[in-house]
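Q: Okay, here's the structure, questions in a sec.
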Amino acid sequence: MNFRQVHLDFHTSEKIPGIGSRFSKEQFQSALKLGHVNSITVFSKCHHGWAYHPSEANEIHPGLDFDLLGAQIEAAHEIGVKTPVYLSAGLDEKMTRRHPEWLRRGKDDGINWNSPGYHEFCMNSPYLDYLIKQVEEVVRTYDCDGIFLDIVGVRMCWCQNCIKTLLDEGRDPYDDNNIRELGERIYRNYTTKIREAVDRIKPGLPVFHNSGHIRRGRRDLADVDTHLELESLPTGGWGYDHFPLSAAYSRTLGKDFLGMTGKFHTTWGEFGGYKHPNALRYEEALCVASGAKCSIGDQMHPDGYMDEVTYGLIGAAYAEVEEREPWLDGVTSVADIAILSEEAISNYYSTGKIVHHGGADSDAGAVRMMLEGKYLFDVIDTEEPLDKYKLLILPDHAKLDAYLTDKIRAFTAAGGKVLATGQSGLAIDSDKFALDFGCMYKGASAYQPVYFRPQFDLPCLGNTAYVIYSGAYDIEAADGADVPITRENPYFNRTTFHFSSHQHTPNDKSAAYPAAAVGADGAYISAELFTEYAKKGSLIPKLLVTHMIDVLLGEAKTLTTNLPAQGVVTLMDQTGESRLVNHLLYASPVRRGSGIEIIEDIIPLYDIDVTVKTDKQPKRVYLAPENRDIAYTYENGAVSYKVDKLDLHAMVVIDY
Ligand SMILES: [Zn+2]
């Protein structure tokens, strides 16, 4: 899969004339060259439903009078640029009023008709055959390098086709579980038929089905894709937290994957909107540092002229990716810590019938702590083997059944440690811990908020009673167990006739209770600190968690650095080249406007110290792509070096 891709949106209303009237092969090629692009996803069919080429299976856009798709493919291939082809699968606006009986319906039978926007089709209708013929036509007619199908996924649908299917099977359409289970079957049938149709013509051609998010814990959904495209536009609603989390999971699945951002200030469909080149440079550096390849979303003007400002912007980022590529491909992440994703746990316990989107606050909080704490980590599901990790984090709501308990006990018996918070570590069917954390679970606390008093000094603050806002839990420490954090309750909870001051009641210092404990399997902290960190961003949960991680990891921590909190550090093993690649990144997104994080300034950092534990004797340490040697020491199984200047992204290569 190529590293430097563009996803060239082209959703164009039939009310716009002159489609492609300014397209020229030379201008298209010169834009791709300016952007350092080596793969561009071009359109067979858009959300409005039109084809951008002569078609028998579809209808050519009424404002287009030539084969735009064919011309784009020819132009791109002539300069060695690949062309996966896009078809809007879930949306086809021109068919909405021709075949309303094919539309997906909500539980109230409704569709949104009175505001601008598309309508989604149900794949349990003749629409599926209509779509498959379009896919077959484009695969047969064009030299496409892959197929990208958009706006698809497991859906709940109450259209009359779906209702009839359930009634014919003697099942109750009022039962949402039946609707969910049918949705799973419909999606499986759709992906199977697409794969078969493609393979009949071009066996093995890459196919990706986009639903906007790679669902953690749903390997069966990822399995239908030949590779993964992680749609994650930081300014388009995903935020800067989503991609590192999604990438840290996707890289455990053993597939090629890319991170898809956009050139837009906001999101898809924005004409005339641009982010600062530094933002795109950072987003692409973050992709490659996470083990991903890159894709940048653009939308072409209806007249087919490629916007040169856009390709200048893309080129600023992709020129840097291009010169780094030799150190980026065929890598696996080096990770000490596995975060067992709450989203994956939810899907694991859903018996495969629930379309689960949420539950990710604790995942997001955990990943933010990992990045800010400079830990090497992956995000895993319940299927991932644990043996490559040293520490397993169970964030906030990871209850354990027999399979997970046995798996984790085997991990701790082999020397692994566990850090659990909140309700994590409890057996799924009882109020008892399934693991030895040196304490017994007594139930949810009657107080909120509570105060945690660490029995150690928090870095940069020291020792006092710190407010904890999230739900807390009562525990009783086992005899002789280490209790690193104690808890004080407020004098009383805040109610209408029982309150003190502006927010919440101060701590009653007359009594202390255990708030964390350490046992044979690891440590437990009795509050939902990862969710709290995701929502409140206060320093205390992070400092409590990172202290416990450092205690549990001890000398086993692979990488230490003085890179500050907002920096990102990863370590990739490029085994085919016998080298470790240490990525260091620094940029600081800030909030401007409401809900949009932007990056403008890049402030260089100096003298970043890094120590990497490795049993592989280093032969050379150098900065890439500069190819400049840097001084290092190798003592007691650890290589240490200093990066004199970090300007957005530095790559240190350790040849072994
Ligand atoms: Zn339906």
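By order of appearance in the structure tokens: chains A, B, ..., then residues from 1 within every chain, and ligands from 1 in the order shown.
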Residues at most 7 Å from ligand 1, using only C-alpha atoms and all ligand atoms? Could they come as a list in words?

A: Arg104, Arg105, Cys122, Met123, Asn124, Ser125, Cys157, Trp158, Cys159, Gln160, Asn161 and Cys162 of chain A

Q: Could you take the residues named above and write them with N, CA and C atoms, as a PDB file, in the first residue's frame?

A:
ATOM      1  N   ARG A 104     -33.319   2.759   3.917  1.00  0.00           N
ATOM      2  CA  ARG A 104     -33.272   2.329   5.312  1.00  0.00           C
ATOM      3  C   ARG A 104     -34.263   3.186   6.107  1.00  0.00           C
ATOM      4  N   ARG A 105     -34.962   2.560   7.018  1.00  0.00           N
ATOM      5  CA  ARG A 105     -35.953   3.289   7.811  1.00  0.00           C
ATOM      6  C   ARG A 105     -35.624   3.212   9.295  1.00  0.00           C
ATOM      7  N   CYS A 122     -31.009   0.517   2.351  1.00  0.00           N
ATOM      8  CA  CYS A 122     -30.910  -0.744   3.082  1.00  0.00           C
ATOM      9  C   CYS A 122     -30.377  -1.811   2.139  1.00  0.00           C
ATOM     10  N   MET A 123     -29.355  -2.530   2.579  1.00  0.00           N
ATOM     11  CA  MET A 123     -28.748  -3.579   1.744  1.00  0.00           C
ATOM     12  C   MET A 123     -29.583  -4.853   1.731  1.00  0.00           C
ATOM     13  N   ASN A 124     -30.707  -4.845   2.440  1.00  0.00           N
ATOM     14  CA  ASN A 124     -31.658  -5.961   2.393  1.00  0.00           C
ATOM     15  C   ASN A 124     -32.792  -5.608   1.427  1.00  0.00           C
ATOM     16  N   SER A 125     -32.404  -5.010   0.300  1.00  0.00           N
ATOM     17  CA  SER A 125     -33.392  -4.583  -0.695  1.00  0.00           C
ATOM     18  C   SER A 125     -32.751  -4.761  -2.069  1.00  0.00           C
ATOM     19  N   CYS A 157     -32.326  -1.521  11.007  1.00  0.00           N
ATOM     20  CA  CYS A 157     -33.229  -1.008   9.980  1.00  0.00           C
ATOM     21  C   CYS A 157     -34.625  -1.591  10.175  1.00  0.00           C
ATOM     22  N   TRP A 158     -35.618  -0.703  10.062  1.00  0.00           N
ATOM     23  CA  TRP A 158     -37.011  -1.112  10.211  1.00  0.00           C
ATOM     24  C   TRP A 158     -37.781  -0.910   8.893  1.00  0.00           C
ATOM     25  N   CYS A 159     -37.059  -1.031   7.745  1.00  0.00           N
ATOM     26  CA  CYS A 159     -37.761  -0.917   6.468  1.00  0.00           C
ATOM     27  C   CYS A 159     -38.670  -2.135   6.297  1.00  0.00           C
ATOM     28  N   GLN A 160     -39.581  -2.036   5.349  1.00  0.00           N
ATOM     29  CA  GLN A 160     -40.548  -3.133   5.210  1.00  0.00           C
ATOM     30  C   GLN A 160     -39.893  -4.415   4.710  1.00  0.00           C
ATOM     31  N   ASN A 161     -38.750  -4.302   3.994  1.00  0.00           N
ATOM     32  CA  ASN A 161     -38.027  -5.521   3.608  1.00  0.00           C
ATOM     33  C   ASN A 161     -37.502  -6.237   4.844  1.00  0.00           C
ATOM     34  N   CYS A 162     -36.947  -5.452   5.778  1.00  0.00           N
ATOM     35  CA  CYS A 162     -36.391  -6.062   6.995  1.00  0.00           C
ATOM     36  C   CYS A 162     -37.509  -6.618   7.883  1.00  0.00           C
TER      37      CYS A 162
END

Q: Pick out the residues sitting within 10 Å of A:Lys33, and hand them over as a list of chain:residue names; count only C-alpha atoms, and ignore anything fewer than 2 positions along from it in its own chain.

A: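 Counting only C-alpha atoms, the residues come to A:Gln27, A:Phe28, A:Gln29, A:Ser30, A:Ala31, A:Gly35, A:His36, A:Val37, A:Asn38, A:Ala76, A:Ile79, A:Val81, A:Tyr311, A:Gly312, A:Gly315.
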
Q: Could you produce a table of the residues of stretch 358-469 of chain A lying within 9 Å of stretch 195-216 of chain A, with the nearest pair of atoms per residue and their separation in Å rounded to one decimal, using only C-alpha atoms, ordered by chain and increasing residue number, as a Markdown table?

A:
| residue | atom | partner | partner_atom | distance |
| --- | --- | --- | --- | --- |
| A:Val379 | CA | A:Arg216 | CA | 8.8 |
| A:Ile380 | CA | A:Arg216 | CA | 7.8 |
| A:Asp381 | CA | A:Arg216 | CA | 6.5 |

Q: Based on the selection just made, write N, CA and C atoms of those residues as a PDB file, in the first residue's frame.

A:
ATOM      1  N   VAL A 379      -3.266  -0.716  22.040  1.00  0.00           N
ATOM      2  CA  VAL A 379      -4.638  -0.917  22.521  1.00  0.00           C
ATOM      3  C   VAL A 379      -5.095  -2.253  21.964  1.00  0.00           C
ATOM      4  N   ILE A 380      -5.605  -3.123  22.816  1.00  0.00           N
ATOM      5  CA  ILE A 380      -5.908  -4.488  22.364  1.00  0.00           C
ATOM      6  C   ILE A 380      -7.367  -4.859  22.635  1.00  0.00           C
ATOM      7  N   ASP A 381      -7.783  -5.934  21.959  1.00  0.00           N
ATOM      8  CA  ASP A 381      -9.090  -6.514  22.251  1.00  0.00           C
ATOM      9  C   ASP A 381      -8.888  -7.804  23.031  1.00  0.00           C
TER      10      ASP A 381
END

Q: Could you pull the residues within 6 Å of A:Asp336, counting only C-alpha atoms, minus those fewer than 6 positions along the same chain, as an NGL selection string?

A: :A and (376-377 or 389-390)

Q: For those residues, write N, CA and C atoms to a file as an mmCIF file, in the first residue's frame.

A:
data_model
loop_
_atom_site.group_PDB
_atom_site.id
_atom_site.type_symbol
_atom_site.label_atom_id
_atom_site.label_comp_id
_atom_site.auth_asym_id
_atom_site.auth_seq_id
_atom_site.Cartn_x
_atom_site.Cartn_y
_atom_site.Cartn_z
ATOM 1 N N LEU A 376 5.264 3.198 26.063
ATOM 2 C CA LEU A 376 5.104 2.483 24.796
ATOM 3 C C LEU A 376 3.934 1.521 24.973
ATOM 4 N N PHE A 377 2.929 1.629 24.109
ATOM 5 C CA PHE A 377 1.684 0.902 24.368
ATOM 6 C C PHE A 377 0.990 0.501 23.076
ATOM 7 N N TYR A 389 3.587 -8.247 26.209
ATOM 8 C CA TYR A 389 3.460 -7.069 27.075
ATOM 9 C C TYR A 389 3.931 -7.355 28.493
ATOM 10 N N LYS A 390 4.243 -6.268 29.209
ATOM 11 C CA LYS A 390 4.675 -6.385 30.607
ATOM 12 C C LYS A 390 3.585 -5.954 31.570
#

Q: Please extract the residues of stretch 519-577 of chain A with a backbone DSSP assignment of strand (DSSP E or B) and present them as a list in words.

A: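 Those residues are Gly522, Ala523, Tyr524, Ile525, Ala527, Leu559, Thr560, Thr561, Val568, Val569, Thr570, Leu571, Met572, Asp573 and Gln574 of chain A.
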
Q: Give me the residues near stretch 361-366 of chain A as a PyMOL selection string, where near means some atom within 6 Å (using only C-alpha atoms) and where sequence neighbours in that chain fewer than 3 positions away do not count.

A: chain A and resi 341+369+395+530-531+533-534

Q: Write the selection just made, keeping N, CA and C atoms, as a compact mmCIF listing (two decimals), in the first residue's frame?

A:
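Full text of again.txt as output:
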# COMPACT_ATOMS: atom_id res chain seq x y z
N SER A 341 -9.15 -2.50 25.62
CA SER A 341 -10.11 -1.45 25.28
C SER A 341 -11.50 -1.69 25.87
N MET A 369 -3.12 9.41 28.65
CA MET A 369 -2.11 9.23 29.71
C MET A 369 -0.87 8.54 29.19
N PRO A 395 -9.05 -0.50 31.97
CA PRO A 395 -9.57 0.82 32.31
C PRO A 395 -11.05 0.81 32.73
N PHE A 530 -9.62 6.90 34.37
CA PHE A 530 -9.38 7.11 32.94
C PHE A 530 -10.53 7.90 32.31
N THR A 531 -11.75 7.56 32.68
CA THR A 531 -12.91 8.32 32.19
C THR A 531 -12.82 9.77 32.69
N TYR A 533 -10.19 11.43 33.41
CA TYR A 533 -9.15 12.18 32.69
C TYR A 533 -9.63 12.58 31.30
N ALA A 534 -10.36 11.67 30.64
CA ALA A 534 -10.89 12.00 29.31
C ALA A 534 -11.85 13.18 29.38

Q: Do you know which residues are at most 12 Å from A:Ser13 counting only C-alpha atoms, after dropping those on the same chain fewer than 2 positions away, and could you put them as a PyMOL selection string?

A: chain A and resi 10-11+15-19+45-52+61-64+92-94+116-118+301-302

Q: Write out as a VMD selection string which residues come within 9 Å of stretch 128-138 of chain A when counting only C-alpha atoms, dropping same-chain ones fewer than 6 positions away.

A: chain A and resid 44 to 45 55 to 58 85 87 89 121 to 122 144 147 190 193 to 194 197 to 198 200 to 201

Q: Sort by chain and increasing residue number a table of all residues of stretch 519-638 of chain A within 12 Å of stretch 435-448 of chain A, each with its closest pair of atoms and their distance in Å to one decimal, counting only C-alpha atoms, and write it as JSON lines.

A:
{"residue": "A:Gly519", "atom": "CA", "partner": "A:Gly438", "partner_atom": "CA", "distance": 3.9}
{"residue": "A:Ala520", "atom": "CA", "partner": "A:Asp436", "partner_atom": "CA", "distance": 5.6}
{"residue": "A:Asp521", "atom": "CA", "partner": "A:Asp436", "partner_atom": "CA", "distance": 5.2}
{"residue": "A:Gly522", "atom": "CA", "partner": "A:Phe437", "partner_atom": "CA", "distance": 5.6}
{"residue": "A:Ala523", "atom": "CA", "partner": "A:Phe437", "partner_atom": "CA", "distance": 5.3}
{"residue": "A:Tyr524", "atom": "CA", "partner": "A:Phe437", "partner_atom": "CA", "distance": 5.8}
{"residue": "A:Ile525", "atom": "CA", "partner": "A:Phe437", "partner_atom": "CA", "distance": 9.4}
{"residue": "A:Ser526", "atom": "CA", "partner": "A:Tyr441", "partner_atom": "CA", "distance": 9.0}
{"residue": "A:Ala527", "atom": "CA", "partner": "A:Ser445", "partner_atom": "CA", "distance": 9.5}
{"residue": "A:Glu528", "atom": "CA", "partner": "A:Ala444", "partner_atom": "CA", "distance": 11.3}

Q: For A:Glu284, list every protein, DNA or RNA residue within 10 Å, evaluated using only C-alpha atoms, and leave out those in the same chain fewer than 2 positions away; present the list as a list in words.

A: Phe3, Arg4, Gly259, Met260, Thr261, Asn278, Ala279, Leu280, Arg281, Tyr282, Leu286, Cys287, Val288, Ala289, Ser290, Ala292, Lys293, Cys294, Ser295, Ile296, Ile314, Ala317, Tyr318, Glu320 and Val321 of chain A

Q: Using only C-alpha atoms, which of the listed residues (A:Asp150, A:Ile179, A:Asp396, A:Leu32) sits closest to A:Leu313?

A: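 Under the stated criterion, the closest residue is A:Leu32.
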
Q: Between atom CA of A:Pro244 and atom CA of A:Glu270, measure the distance and give it in Å to one decimal.

A: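 Between atom CA of A:Pro244 and atom CA of A:Glu270 the gap is 24.5 Å.
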
Q: Quick one: pick out all alpha helix (DSSP H) residues within stretch 418-558 of chain A from a backbone DSSP run and write them as a list in words.

A: Leu529, Phe530, Thr531, Glu532, Tyr533, Ala534, Lys535, Lys536, Leu539, Ile540, Pro541, Lys542, Leu543, Leu544, Val545, Thr546, His547, Met548, Ile549, Asp550, Val551, Leu552 and Leu553 of chain A

Q: Deliver the residues from the most recent selection as a file, using C-alpha atoms, as a compact mmCIF listing (two decimals), in the first residue's frame.

A:
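Below is the file part-v9.txt, written as the result:
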# COMPACT_ATOMS: atom_id res chain seq x y z
CA LEU A 529 -9.70 7.69 36.68
CA PHE A 530 -9.38 7.11 32.94
CA THR A 531 -12.91 8.32 32.19
CA GLU A 532 -12.33 11.26 34.53
CA TYR A 533 -9.15 12.18 32.69
CA ALA A 534 -10.89 12.00 29.31
CA LYS A 535 -13.68 14.27 30.51
CA LYS A 536 -12.00 16.67 32.93
CA LEU A 539 -3.72 16.51 36.49
CA ILE A 540 -4.47 14.29 39.50
CA PRO A 541 -5.81 11.11 37.81
CA LYS A 542 -2.84 11.12 35.45
CA LEU A 543 -0.29 11.52 38.23
CA LEU A 544 -1.89 8.79 40.34
CA VAL A 545 -2.04 6.35 37.43
CA THR A 546 1.44 7.05 36.11
CA HIS A 547 2.89 6.59 39.60
CA MET A 548 1.27 3.16 39.84
CA ILE A 549 2.43 2.24 36.33
CA ASP A 550 6.00 3.17 37.24
CA VAL A 551 5.79 1.05 40.40
CA LEU A 552 4.45 -1.93 38.44
CA LEU A 553 6.79 -1.63 35.47

Q: For A:Gly471, which of A:Gly262, A:Gly422, A:Pro126, A:Pro514 is the closest residue, counting only C-alpha atoms?

A: A:Gly422

Q: For the atom pair atom CA of A:Leu580 and atom CA of A:Val652, what is the interatomic distance in Å to one decimal place?

A: 8.2 Å

Q: Which of these, A:Leu245, A:Ile345, A:Leu371, A:Met300, has the shortest distance to A:Ile40 once you count only C-alpha atoms?

A: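 Nearest to A:Ile40: A:Met300.
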
Q: Between atom CA of A:Ile475 and atom CA of A:Ala515, what is the distance, to one decimal in Å?

A: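 Those two atoms sit 6.9 Å apart.
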